[in-house]
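**Student:** Supplied structure: work_21.txt, compact mmCIF, C-alpha atoms (C1' of nucleotides).
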```txt
# COMPACT_ATOMS: atom_id res chain seq x y z
CA MET A 1 49.67 -61.71 10.31
CA PRO A 2 48.99 -62.01 6.64
CA ARG A 3 50.83 -61.77 3.41
CA LYS A 4 51.48 -58.52 1.54
CA PRO A 5 50.74 -58.02 -2.13
CA ASN A 6 53.86 -58.37 -4.23
CA TYR A 7 53.00 -55.44 -6.50
CA ASP A 8 52.97 -51.66 -6.31
CA ARG A 9 49.33 -50.76 -6.65
CA ASN A 10 50.11 -47.25 -7.81
CA GLU A 11 52.30 -48.46 -10.60
CA LEU A 12 49.65 -50.93 -11.72
CA ILE A 13 47.19 -48.08 -12.01
CA ASP A 14 49.72 -46.12 -14.05
CA ARG A 15 50.14 -48.99 -16.44
CA SER A 16 46.38 -49.44 -16.71
CA ARG A 17 45.95 -45.76 -17.41
CA ASP A 18 48.44 -45.99 -20.28
CA LEU A 19 46.68 -48.98 -21.75
CA PHE A 20 43.19 -47.52 -21.40
CA TRP A 21 44.32 -44.14 -22.65
CA ARG A 22 45.79 -45.64 -25.78
CA ARG A 23 43.34 -48.36 -26.60
CA GLY A 24 40.13 -47.11 -25.08
CA TRP A 25 37.63 -48.87 -22.90
CA ALA A 26 36.29 -51.54 -25.24
CA GLY A 27 39.65 -51.82 -26.94
CA THR A 28 41.34 -52.99 -23.75
CA SER A 29 40.47 -56.53 -22.76
CA LEU A 30 41.13 -58.25 -19.48
CA LYS A 31 43.70 -60.36 -21.22
CA ASP A 32 45.52 -57.17 -22.21
CA LEU A 33 45.41 -55.99 -18.62
CA GLU A 34 46.53 -59.34 -17.24
CA ALA A 35 49.51 -59.22 -19.58
CA ALA A 36 50.40 -55.60 -18.84
CA LEU A 37 49.97 -55.92 -15.08
CA GLN A 38 51.35 -59.45 -14.83
CA MET A 39 48.34 -60.52 -12.85
CA LYS A 40 46.09 -63.54 -13.01
CA PRO A 41 42.33 -62.92 -13.02
CA GLY A 42 41.97 -63.80 -9.36
CA SER A 43 44.50 -61.25 -8.18
CA PHE A 44 43.13 -58.67 -10.54
CA TYR A 45 39.61 -58.92 -9.19
CA ALA A 46 40.80 -59.10 -5.60
CA ALA A 47 42.78 -55.90 -6.15
CA PHE A 48 40.44 -53.82 -8.29
CA GLY A 49 37.00 -55.38 -8.32
CA SER A 50 36.21 -54.90 -11.98
CA LYS A 51 37.48 -53.53 -15.25
CA ASP A 52 35.30 -50.45 -14.85
CA ALA A 53 36.56 -49.79 -11.35
CA LEU A 54 40.16 -49.89 -12.56
CA PHE A 55 39.30 -47.66 -15.50
CA GLU A 56 37.87 -45.17 -13.06
CA LEU A 57 41.03 -45.21 -10.96
CA ALA A 58 43.13 -44.80 -14.10
CA MET A 59 41.04 -41.92 -15.39
CA ASN A 60 41.08 -40.17 -12.04
CA LYS A 61 44.84 -40.34 -12.01
CA TYR A 62 44.96 -39.07 -15.58
CA ALA A 63 42.79 -36.10 -14.68
CA ALA A 64 44.71 -35.35 -11.50
CA ASP A 65 48.00 -35.40 -13.38
CA GLY A 66 46.70 -33.03 -16.03
CA LEU A 67 45.45 -30.61 -13.45
CA ALA A 68 48.73 -30.78 -11.55
CA ARG A 69 50.69 -30.01 -14.70
CA LEU A 70 48.52 -26.98 -15.36
CA LYS A 71 48.99 -25.71 -11.82
CA ASP A 72 52.74 -26.23 -11.97
CA LEU A 73 52.89 -24.29 -15.19
CA ALA A 74 50.89 -21.46 -13.71
CA LYS A 75 53.04 -21.35 -10.61
CA GLU A 76 56.21 -21.16 -12.65
CA HIS A 77 55.17 -18.88 -15.50
CA GLY A 78 52.03 -17.07 -14.47
CA PRO A 79 48.53 -17.53 -15.88
CA ILE A 80 48.77 -16.46 -19.50
CA LYS A 81 52.11 -18.11 -20.23
CA ALA A 82 50.82 -21.27 -18.61
CA LEU A 83 47.83 -21.28 -20.91
CA GLN A 84 50.12 -20.70 -23.85
CA ARG A 85 52.48 -23.50 -22.95
CA PHE A 86 49.90 -26.06 -21.96
CA PRO A 87 48.82 -27.09 -25.48
CA LYS A 88 52.37 -27.74 -26.61
CA MET A 89 53.08 -29.69 -23.48
CA ALA A 90 50.03 -31.84 -24.08
CA ILE A 91 51.16 -33.06 -27.49
CA LYS A 92 54.93 -33.01 -27.43
CA ASN A 93 55.55 -35.98 -25.16
CA ASP A 94 56.61 -38.74 -27.55
CA ASP A 95 56.37 -41.64 -25.15
CA ALA A 96 52.91 -40.78 -23.96
CA PRO A 97 50.42 -43.52 -24.84
CA ALA A 98 48.46 -41.15 -27.07
CA LYS A 99 48.20 -37.52 -28.10
CA ALA A 100 44.45 -37.25 -27.77
CA CYS A 101 42.92 -36.55 -24.38
CA MET A 102 41.84 -39.65 -22.48
CA LEU A 103 38.82 -37.80 -21.14
CA SER A 104 37.54 -36.90 -24.58
CA LYS A 105 38.22 -40.40 -25.88
CA THR A 106 36.25 -41.86 -22.99
CA LEU A 107 33.43 -39.39 -23.49
CA LEU A 108 33.17 -40.11 -27.20
CA GLU A 109 33.32 -43.85 -26.75
CA LEU A 110 30.91 -44.28 -23.86
CA GLN A 111 28.52 -41.34 -23.95
CA ALA A 112 26.12 -43.03 -26.38
CA HIS A 113 25.84 -46.02 -24.06
CA ASP A 114 25.01 -43.84 -21.05
CA HIS A 115 27.97 -45.34 -19.27
CA PRO A 116 28.75 -43.69 -15.91
CA LEU A 117 32.39 -43.32 -16.93
CA ALA A 118 31.33 -40.92 -19.68
CA LYS A 119 29.65 -38.65 -17.17
CA GLU A 120 32.71 -38.85 -15.01
CA ALA A 121 34.98 -37.91 -17.91
CA ASN A 122 32.78 -34.92 -18.59
CA GLN A 123 33.04 -33.92 -14.95
CA HIS A 124 36.81 -33.98 -15.13
CA LEU A 125 36.69 -31.82 -18.25
CA LEU A 126 34.47 -29.41 -16.38
CA THR A 127 37.01 -29.20 -13.59
CA MET A 128 39.76 -28.41 -16.06
CA GLU A 129 37.54 -25.80 -17.66
CA GLY A 130 37.09 -24.17 -14.29
CA HIS A 131 40.82 -23.92 -13.78
CA PHE A 132 41.33 -22.53 -17.25
CA ALA A 133 38.73 -19.89 -16.41
CA GLU A 134 40.53 -19.06 -13.20
CA LEU A 135 43.76 -18.52 -15.10
CA PHE A 136 42.03 -16.28 -17.62
CA GLN A 137 40.53 -14.36 -14.74
CA ARG A 138 43.92 -13.87 -13.14
CA ALA A 139 45.39 -12.78 -16.45
CA GLN A 140 42.67 -10.17 -16.68
CA SER A 141 43.20 -8.92 -13.13
CA SER A 142 46.86 -8.43 -13.81
CA GLY A 143 46.10 -6.63 -17.06
CA GLU A 144 47.78 -9.22 -19.24
CA ILE A 145 44.68 -9.59 -21.39
CA ASP A 146 41.60 -7.54 -22.08
CA GLY A 147 39.17 -7.69 -19.16
CA ARG A 148 36.01 -7.40 -21.19
CA HIS A 149 35.69 -11.06 -22.12
CA ASP A 150 33.92 -13.51 -19.87
CA PRO A 151 36.64 -15.81 -18.45
CA LEU A 152 34.33 -18.80 -18.67
CA VAL A 153 33.66 -18.14 -22.35
CA LEU A 154 37.38 -17.85 -22.95
CA ALA A 155 37.96 -21.06 -21.05
CA ARG A 156 35.40 -23.00 -23.08
CA ARG A 157 36.80 -21.86 -26.37
CA TYR A 158 40.29 -22.61 -25.14
CA GLN A 159 39.37 -26.09 -24.03
CA SER A 160 37.56 -26.75 -27.29
CA ASP A 161 40.66 -25.68 -29.23
CA LEU A 162 42.77 -27.88 -27.01
CA LEU A 163 40.59 -30.92 -27.60
CA GLY A 164 40.70 -30.29 -31.33
CA LEU A 165 44.45 -29.90 -31.26
CA ARG A 166 44.85 -33.20 -29.49
CA VAL A 167 42.60 -35.02 -31.91
CA SER A 168 44.61 -33.51 -34.76
CA ALA A 169 47.84 -34.53 -33.08
CA GLU A 170 46.65 -38.12 -33.17
CA ARG A 171 46.54 -38.00 -36.96
CA GLU A 172 49.43 -38.76 -39.24
CA GLY A 173 50.77 -36.03 -41.43
CA VAL A 174 49.45 -33.13 -39.39
CA ASP A 175 51.86 -30.60 -37.89
CA ALA A 176 50.21 -30.30 -34.51
CA MET A 177 52.96 -28.18 -33.03
CA ALA A 178 52.12 -25.49 -35.58
CA ILE A 179 48.49 -25.54 -34.49
CA ALA A 180 49.56 -25.38 -30.84
CA ALA A 181 51.67 -22.33 -31.64
CA GLU A 182 48.68 -20.67 -33.26
CA ILE A 183 46.53 -21.32 -30.22
CA ALA A 184 49.21 -19.74 -28.06
CA ASP A 185 49.46 -16.79 -30.43
CA SER A 186 45.75 -16.14 -30.37
CA LEU A 187 45.91 -15.84 -26.58
CA ALA A 188 48.48 -13.10 -26.93
CA ARG A 189 46.01 -11.12 -29.03
CA LEU A 190 43.25 -11.08 -26.41
CA MET B 1 15.25 -65.12 -63.32
CA PRO B 2 16.07 -64.65 -59.68
CA ARG B 3 14.61 -62.98 -56.71
CA LYS B 4 15.22 -59.34 -55.75
CA PRO B 5 16.27 -58.23 -52.28
CA ASN B 6 13.32 -56.89 -50.33
CA TYR B 7 15.27 -54.00 -48.88
CA ASP B 8 16.68 -50.68 -50.04
CA ARG B 9 20.42 -51.14 -49.77
CA ASN B 10 21.04 -47.42 -49.63
CA GLU B 11 18.70 -46.97 -46.72
CA LEU B 12 20.31 -49.84 -44.86
CA ILE B 13 23.67 -48.13 -45.21
CA ASP B 14 22.15 -44.92 -43.89
CA ARG B 15 20.82 -46.70 -40.85
CA SER B 16 24.15 -48.41 -40.29
CA ARG B 17 25.95 -45.09 -40.55
CA ASP B 18 23.70 -43.63 -37.88
CA LEU B 19 24.33 -46.56 -35.58
CA PHE B 20 28.08 -46.65 -36.11
CA TRP B 21 28.33 -42.88 -35.88
CA ARG B 22 26.58 -42.84 -32.53
CA ARG B 23 27.89 -45.96 -30.90
CA GLY B 24 31.25 -46.42 -32.54
CA TRP B 25 32.82 -49.50 -34.04
CA ALA B 26 33.20 -51.75 -31.01
CA GLY B 27 30.06 -50.30 -29.48
CA THR B 28 27.91 -51.56 -32.32
CA SER B 29 27.38 -55.32 -32.32
CA LEU B 30 25.97 -57.48 -35.05
CA LYS B 31 22.90 -57.96 -32.92
CA ASP B 32 22.42 -54.19 -32.91
CA LEU B 33 22.78 -54.12 -36.67
CA GLU B 34 20.43 -57.06 -37.18
CA ALA B 35 17.82 -55.28 -35.10
CA ALA B 36 18.26 -51.90 -36.81
CA LEU B 37 18.35 -53.33 -40.33
CA GLN B 38 15.79 -56.05 -39.70
CA MET B 39 18.11 -58.61 -41.19
CA LYS B 40 19.12 -62.09 -40.14
CA PRO B 41 22.82 -62.92 -40.12
CA GLY B 42 22.66 -64.79 -43.40
CA SER B 43 21.16 -61.90 -45.33
CA PHE B 44 23.49 -59.47 -43.65
CA TYR B 45 26.61 -61.32 -44.71
CA ALA B 46 25.26 -61.99 -48.19
CA ALA B 47 24.61 -58.27 -48.60
CA PHE B 48 27.64 -56.71 -46.96
CA GLY B 49 30.28 -59.35 -46.35
CA SER B 50 31.38 -58.26 -42.90
CA LYS B 51 30.86 -55.72 -40.17
CA ASP B 52 33.99 -53.88 -41.26
CA ALA B 53 32.88 -53.76 -44.88
CA LEU B 54 29.57 -52.20 -43.87
CA PHE B 55 31.32 -49.75 -41.58
CA GLU B 56 33.43 -48.70 -44.51
CA LEU B 57 30.37 -48.13 -46.69
CA ALA B 58 28.76 -46.16 -43.87
CA MET B 59 31.83 -44.03 -43.27
CA ASN B 60 32.24 -43.34 -46.98
CA LYS B 61 28.70 -42.11 -47.15
CA TYR B 62 29.24 -39.99 -44.06
CA ALA B 63 32.30 -38.40 -45.61
CA ALA B 64 30.63 -37.86 -48.97
CA ASP B 65 27.65 -36.18 -47.32
CA GLY B 66 29.88 -33.86 -45.32
CA LEU B 67 31.80 -32.86 -48.39
CA ALA B 68 28.59 -32.31 -50.34
CA ARG B 69 27.22 -30.04 -47.63
CA LEU B 70 30.38 -27.97 -47.69
CA LYS B 71 30.23 -27.62 -51.46
CA ASP B 72 26.57 -26.66 -51.37
CA LEU B 73 27.31 -24.03 -48.78
CA ALA B 74 30.16 -22.64 -50.88
CA LYS B 75 28.03 -22.57 -54.00
CA GLU B 76 25.27 -20.68 -52.26
CA HIS B 77 27.21 -18.28 -50.06
CA GLY B 78 30.75 -18.11 -51.36
CA PRO B 79 33.91 -19.45 -49.70
CA ILE B 80 34.27 -17.43 -46.53
CA LYS B 81 30.60 -17.45 -45.56
CA ALA B 82 30.54 -21.18 -46.21
CA LEU B 83 33.43 -21.70 -43.83
CA GLN B 84 31.67 -19.54 -41.28
CA ARG B 85 28.39 -21.39 -41.51
CA PHE B 86 29.80 -24.89 -41.66
CA PRO B 87 30.61 -25.27 -37.92
CA LYS B 88 27.12 -24.22 -36.85
CA MET B 89 25.58 -26.53 -39.39
CA ALA B 90 27.65 -29.43 -38.08
CA ILE B 91 26.33 -29.19 -34.54
CA LYS B 92 22.83 -27.77 -34.80
CA ASN B 93 21.05 -30.80 -36.21
CA ASP B 94 19.17 -32.20 -33.24
CA ASP B 95 18.21 -35.53 -34.75
CA ALA B 96 21.68 -36.37 -35.96
CA PRO B 97 23.01 -39.48 -34.24
CA ALA B 98 25.83 -37.53 -32.62
CA LYS B 99 27.46 -34.13 -32.59
CA ALA B 100 31.03 -35.34 -32.79
CA CYS B 101 32.53 -36.18 -36.15
CA MET B 102 32.28 -39.84 -37.10
CA LEU B 103 35.71 -39.66 -38.73
CA SER B 104 37.42 -38.42 -35.59
CA LYS B 105 35.55 -40.94 -33.45
CA THR B 106 36.68 -43.73 -35.74
CA LEU B 107 40.23 -42.44 -35.76
CA LEU B 108 40.41 -42.19 -31.99
CA GLU B 109 38.87 -45.59 -31.44
CA LEU B 110 40.80 -47.64 -33.98
CA GLN B 111 44.11 -45.88 -34.55
CA ALA B 112 45.83 -47.61 -31.64
CA HIS B 113 44.87 -51.00 -33.07
CA ASP B 114 46.28 -50.15 -36.50
CA HIS B 115 42.90 -50.86 -37.96
CA PRO B 116 42.61 -50.01 -41.66
CA LEU B 117 39.42 -48.07 -40.99
CA ALA B 118 41.43 -45.59 -38.92
CA LYS B 119 43.70 -44.86 -41.86
CA GLU B 120 40.65 -44.48 -44.04
CA ALA B 121 39.06 -42.04 -41.62
CA ASN B 122 42.24 -40.00 -41.64
CA GLN B 123 42.17 -39.99 -45.43
CA HIS B 124 38.65 -38.60 -45.43
CA LEU B 125 39.73 -35.91 -43.00
CA LEU B 126 42.58 -35.07 -45.33
CA THR B 127 40.16 -34.69 -48.21
CA MET B 128 38.03 -32.31 -46.17
CA GLU B 129 41.14 -30.39 -45.21
CA GLY B 130 41.99 -29.99 -48.88
CA HIS B 131 38.59 -28.53 -49.63
CA PHE B 132 38.81 -26.18 -46.68
CA ALA B 133 42.15 -25.02 -48.07
CA GLU B 134 40.62 -24.47 -51.47
CA LEU B 135 37.92 -22.28 -49.97
CA PHE B 136 40.49 -20.26 -48.02
CA GLN B 137 42.44 -19.88 -51.24
CA ARG B 138 39.39 -18.62 -53.10
CA ALA B 139 38.62 -16.21 -50.29
CA GLN B 140 42.11 -14.85 -50.61
CA SER B 141 41.89 -14.49 -54.37
CA SER B 142 38.71 -12.51 -54.06
CA GLY B 143 40.26 -10.34 -51.38
CA GLU B 144 37.84 -11.40 -48.67
CA ILE B 145 40.68 -12.32 -46.33
CA ASP B 146 44.35 -11.47 -46.06
CA GLY B 147 46.38 -13.27 -48.70
CA ARG B 148 49.53 -13.65 -46.67
CA HIS B 149 48.54 -16.77 -44.78
CA ASP B 150 49.15 -20.21 -46.19
CA PRO B 151 45.70 -21.63 -47.08
CA LEU B 152 46.76 -25.06 -45.96
CA VAL B 153 47.81 -23.77 -42.56
CA LEU B 154 44.51 -21.96 -42.25
CA ALA B 155 42.68 -25.12 -43.25
CA ARG B 156 44.44 -27.25 -40.64
CA ARG B 157 43.74 -24.83 -37.86
CA TYR B 158 40.16 -24.53 -39.02
CA GLN B 159 39.66 -28.27 -39.09
CA SER B 160 41.27 -28.65 -35.71
CA ASP B 161 38.89 -26.05 -34.29
CA LEU B 162 36.01 -27.81 -35.95
CA LEU B 163 36.93 -31.17 -34.44
CA GLY B 164 37.26 -29.56 -31.03
CA LEU B 165 33.93 -27.86 -31.40
CA ARG B 166 32.24 -31.12 -32.26
CA VAL B 167 33.78 -32.93 -29.31
CA SER B 168 32.64 -30.08 -27.07
CA ALA B 169 29.16 -30.25 -28.58
CA GLU B 170 28.94 -33.86 -27.48
CA ARG B 171 29.29 -32.78 -23.87
CA GLU B 172 26.43 -31.79 -21.63
CA GLY B 173 26.31 -28.27 -20.33
CA VAL B 174 28.51 -26.72 -22.98
CA ASP B 175 27.14 -23.97 -25.22
CA ALA B 176 28.60 -25.23 -28.48
CA MET B 177 26.75 -22.70 -30.60
CA ALA B 178 28.66 -19.95 -28.83
CA ILE B 179 31.95 -21.62 -29.68
CA ALA B 180 30.83 -22.06 -33.28
CA ALA B 181 30.04 -18.36 -33.43
CA GLU B 182 33.51 -17.53 -32.15
CA ILE B 183 35.11 -19.73 -34.80
CA ALA B 184 33.09 -17.90 -37.44
CA ASP B 185 34.08 -14.55 -35.95
CA SER B 186 37.74 -15.37 -35.99
CA LEU B 187 37.52 -16.06 -39.72
CA ALA B 188 36.16 -12.57 -40.26
CA ARG B 189 39.28 -11.16 -38.65
CA LEU B 190 41.73 -12.83 -41.02
C1' DC C 1 3.37 -74.72 -64.30
C1' DG C 2 8.44 -76.00 -63.73
C1' DC C 3 12.98 -74.63 -63.46
C1' DT C 4 16.62 -71.78 -62.14
C1' DT C 5 18.60 -68.43 -59.45
C1' DT C 6 18.83 -65.63 -55.67
C1' DC C 7 17.42 -64.21 -51.16
C1' DT C 8 16.02 -65.39 -46.38
C1' DT C 9 16.09 -67.99 -42.35
C1' DG C 10 18.03 -69.28 -37.89
C1' DA C 11 20.47 -72.80 -35.47
C1' DG C 12 24.83 -72.97 -34.18
C1' DC C 13 30.13 -72.51 -34.95
C1' DG C 14 34.68 -71.45 -32.43
C1' DA C 15 36.61 -67.58 -30.17
C1' DT C 16 36.66 -64.27 -26.88
C1' DC C 17 34.35 -61.47 -23.37
C1' DA C 18 34.37 -60.12 -18.21
C1' DC C 19 34.51 -62.60 -14.29
C1' DT C 20 34.47 -66.55 -10.30
C1' DC C 21 36.20 -69.62 -6.98
C1' DA C 22 38.34 -73.50 -4.85
C1' DA C 23 42.81 -74.86 -4.04
C1' DG C 24 47.56 -73.75 -3.17
C1' DT C 25 51.26 -70.62 -1.43
C1' DA C 26 53.62 -67.26 1.20
C1' DT C 27 54.16 -64.39 5.39
C1' DA C 28 53.57 -61.97 9.79
C1' DT C 29 52.34 -62.97 14.43
C1' DA C 30 51.99 -66.01 18.60
C1' DT D 1 57.66 -73.60 14.66
C1' DA D 2 52.63 -73.62 14.25
C1' DT D 3 48.71 -71.06 12.92
C1' DA D 4 46.00 -67.63 10.94
C1' DT D 5 45.45 -64.60 7.27
C1' DA D 6 46.04 -62.85 3.39
C1' DC D 7 47.51 -63.20 -1.64
C1' DT D 8 48.14 -66.03 -6.02
C1' DT D 9 46.93 -69.31 -9.24
C1' DG D 10 44.44 -70.88 -13.42
C1' DA D 11 40.85 -73.81 -14.94
C1' DG D 12 36.47 -72.83 -15.98
C1' DT D 13 31.73 -70.06 -15.84
C1' DG D 14 27.82 -68.34 -18.88
C1' DA D 15 27.28 -64.74 -22.13
C1' DT D 16 28.28 -62.60 -26.18
C1' DC D 17 31.30 -61.80 -30.12
C1' DG D 18 31.50 -61.96 -35.50
C1' DC D 19 30.27 -65.14 -38.65
C1' DT D 20 28.80 -69.72 -41.48
C1' DC D 21 25.90 -72.69 -43.93
C1' DA D 22 22.38 -75.93 -45.13
C1' DA D 23 17.70 -75.73 -45.90
C1' DG D 24 13.61 -73.36 -47.43
C1' DA D 25 11.01 -69.53 -49.67
C1' DA D 26 10.19 -66.30 -53.33
C1' DA D 27 10.54 -64.28 -57.86
C1' DG D 28 11.77 -64.02 -62.96
C1' DC D 29 11.80 -66.86 -67.07
C1' DG D 30 10.30 -70.53 -70.40
```
Here is the file; what I need is its structure written in the form of structure tokens.
**Tutor:**
Amino acid sequence: MPRKPNYDRNELIDRSRDLFWRRGWAGTSLKDLEAALQMKPGSFYAAFGSKDALFELAMNKYAADGLARLKDLAKEHGPIKALQRFPKMAIKNDDAPAKACMLSKTLLELQAHDHPLAKEANQHLLTMEGHFAELFQRAQSSGEIDGRHDPLVLARRYQSDLLGLRVSAEREGVDAMAIAAEIADSLARL
Amino acid sequence: MPRKPNYDRNELIDRSRDLFWRRGWAGTSLKDLEAALQMKPGSFYAAFGSKDALFELAMNKYAADGLARLKDLAKEHGPIKALQRFPKMAIKNDDAPAKACMLSKTLLELQAHDHPLAKEANQHLLTMEGHFAELFQRAQSSGEIDGRHDPLVLARRYQSDLLGLRVSAEREGVDAMAIAAEIADSLARL
DNA sequence: CGCTTTCTTGAGCGATCACTCAAGTATATA
DNA sequence: TATATACTTGAGTGATCGCTCAAGAAAGCG
């Protein structure tokens, strides 16, 4: 009987993710969102409930996309090449809203306030870490890298390097692609 | 003839640095500062001019302290051992306001808004990078590490790793000391 | 003490924050 | 076409933001 929304909810979440990713949680006001989504406050709150709820949707999509890209890479190139390509892929996209990881930005911004979104960001990072570890494990099983290292230790160091790379990539005057290449190289030496 | 301030300006800047470091720029309100510094708005603005001006003072002190610690380490242990110890030192202090680097937090929070403080944070990072490079250079001259690498490239990778480490250290359930040890190890293999 | 100069106080400024809600509008069914 | 059921609108909520300023208090000097 009723009326349908005249927007594509999924696309609105994409746009929100881009805004939040770039500007952060506090740095994105409802006015910014209203402008980007072309929504008046009433529609916004009917559709999403709150700024935090939309941020959560946006971050979930961000995390899901990242994980999907990693899995695609692994499917196409195998575990070790996927791990080698992933850092470059993360920083080379010029029309991405930011180079730095949205999860780490959220963590750094909100952790000190004990905001639930910080815990959630950390959880997403943990999930990624787990998949990194799985890829290291597979690379060991296939003999691509030395089997004596703990895959979880490798994964943590790898993720740490990746986070550092993506912070560095956010800076001006830093050749992040060179750092990404070095990260890839160091995997070859395992 | 006049009256003296009844506070220690230097200590106020220290306290501000701790607050800003932990909570970030947007996450620290003037009410927070008034409470931490025990100052009413009038005194605050007479003493510091603006929130941004105080943030700048705080960040400058943060950067100066970091640089001083690096130089002390180098003086006491020599270049390569200093570089090896620095990461552990950065994350082990339990009563520091945060594990993550205040410069990177500032950069990530304010860069998208083209805030001058972001540029300034990047400048401080550049200064650190230069001193890392100098230490790598000295380590090469003394034969402690292979002289074929570009010290500046080594410094950038090192700083990137350091930033990643300090983001990781901010997370719960991550053994950052282990990562720091690996960073130190990898320097030994140069 | 009296005067000058600075520091301190705190009420309150306009702007913006996230958010609400009553009224109006469009649409799918009966 | 009439009605029910959403969705959309936008003025406006109280709270908080960074910040101002006039008035009062304190300290160094004669």
**Student:** I'd like the interatomic distance between atom CA of B:Leu125 and atom CA of B:Leu103, to a tenth of an Å.
**Tutor:**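 Result for atom CA of B:Leu125 versus atom CA of B:Leu103: 7.0 Å, one decimal.
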**Student:** Provide the atom CA of A:Ile91 to atom CA of A:Ser168 distance in Å, to one decimal place.
**Tutor:**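 Atom-to-atom, atom CA of A:Ile91 and atom CA of A:Ser168 are spaced 9.8 Å apart.
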**Student:** Do you have the atom CA of A:Leu33-atom C1' of C:DT16 distance handy?
**Tutor:**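 These atoms are spaced 14.6 Å apart.
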**Student:** Using all atoms listed in the file, I'd like every residue of chain D that has an atom within 6 Å of chain B; please write them out as a tab-separated table (two decimals) with C-alpha atoms (C1' of nucleotides), keeping the file's coordinate frame.
**Tutor:**
```
chain	number	residue	atom	x	y	z
D	27	DA	C1'	10.54	-64.28	-57.86
D	28	DG	C1'	11.77	-64.02	-62.96
D	29	DC	C1'	11.80	-66.86	-67.07
```
**Student:** Restrict the distance test to all atoms listed in the file, flag each residue of chain C within 8 Å of chain A, and return the flagged residues as a PyMOL selection string.
**Tutor:** chain C and resi 17-19+26-29
**Student:** I need the contact residues of chain A against chain B, so if you could list those with any atom within 6 Å, counting all atoms listed in the file, and return them as an MDAnalysis selection string, that would help.
**Tutor:** chainID A and resid 23 112 157 160:161 163:165 168 179
**Student:** Return the single residue from B:Arg189, B:Arg17, B:His149, B:Arg9 that is closest to B:Tyr62, with distances computed using all atoms listed in the file.
**Tutor:**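 Between B:Arg189, B:Arg17, B:His149, B:Arg9, the residue approaching B:Tyr62 most closely is B:Arg17.
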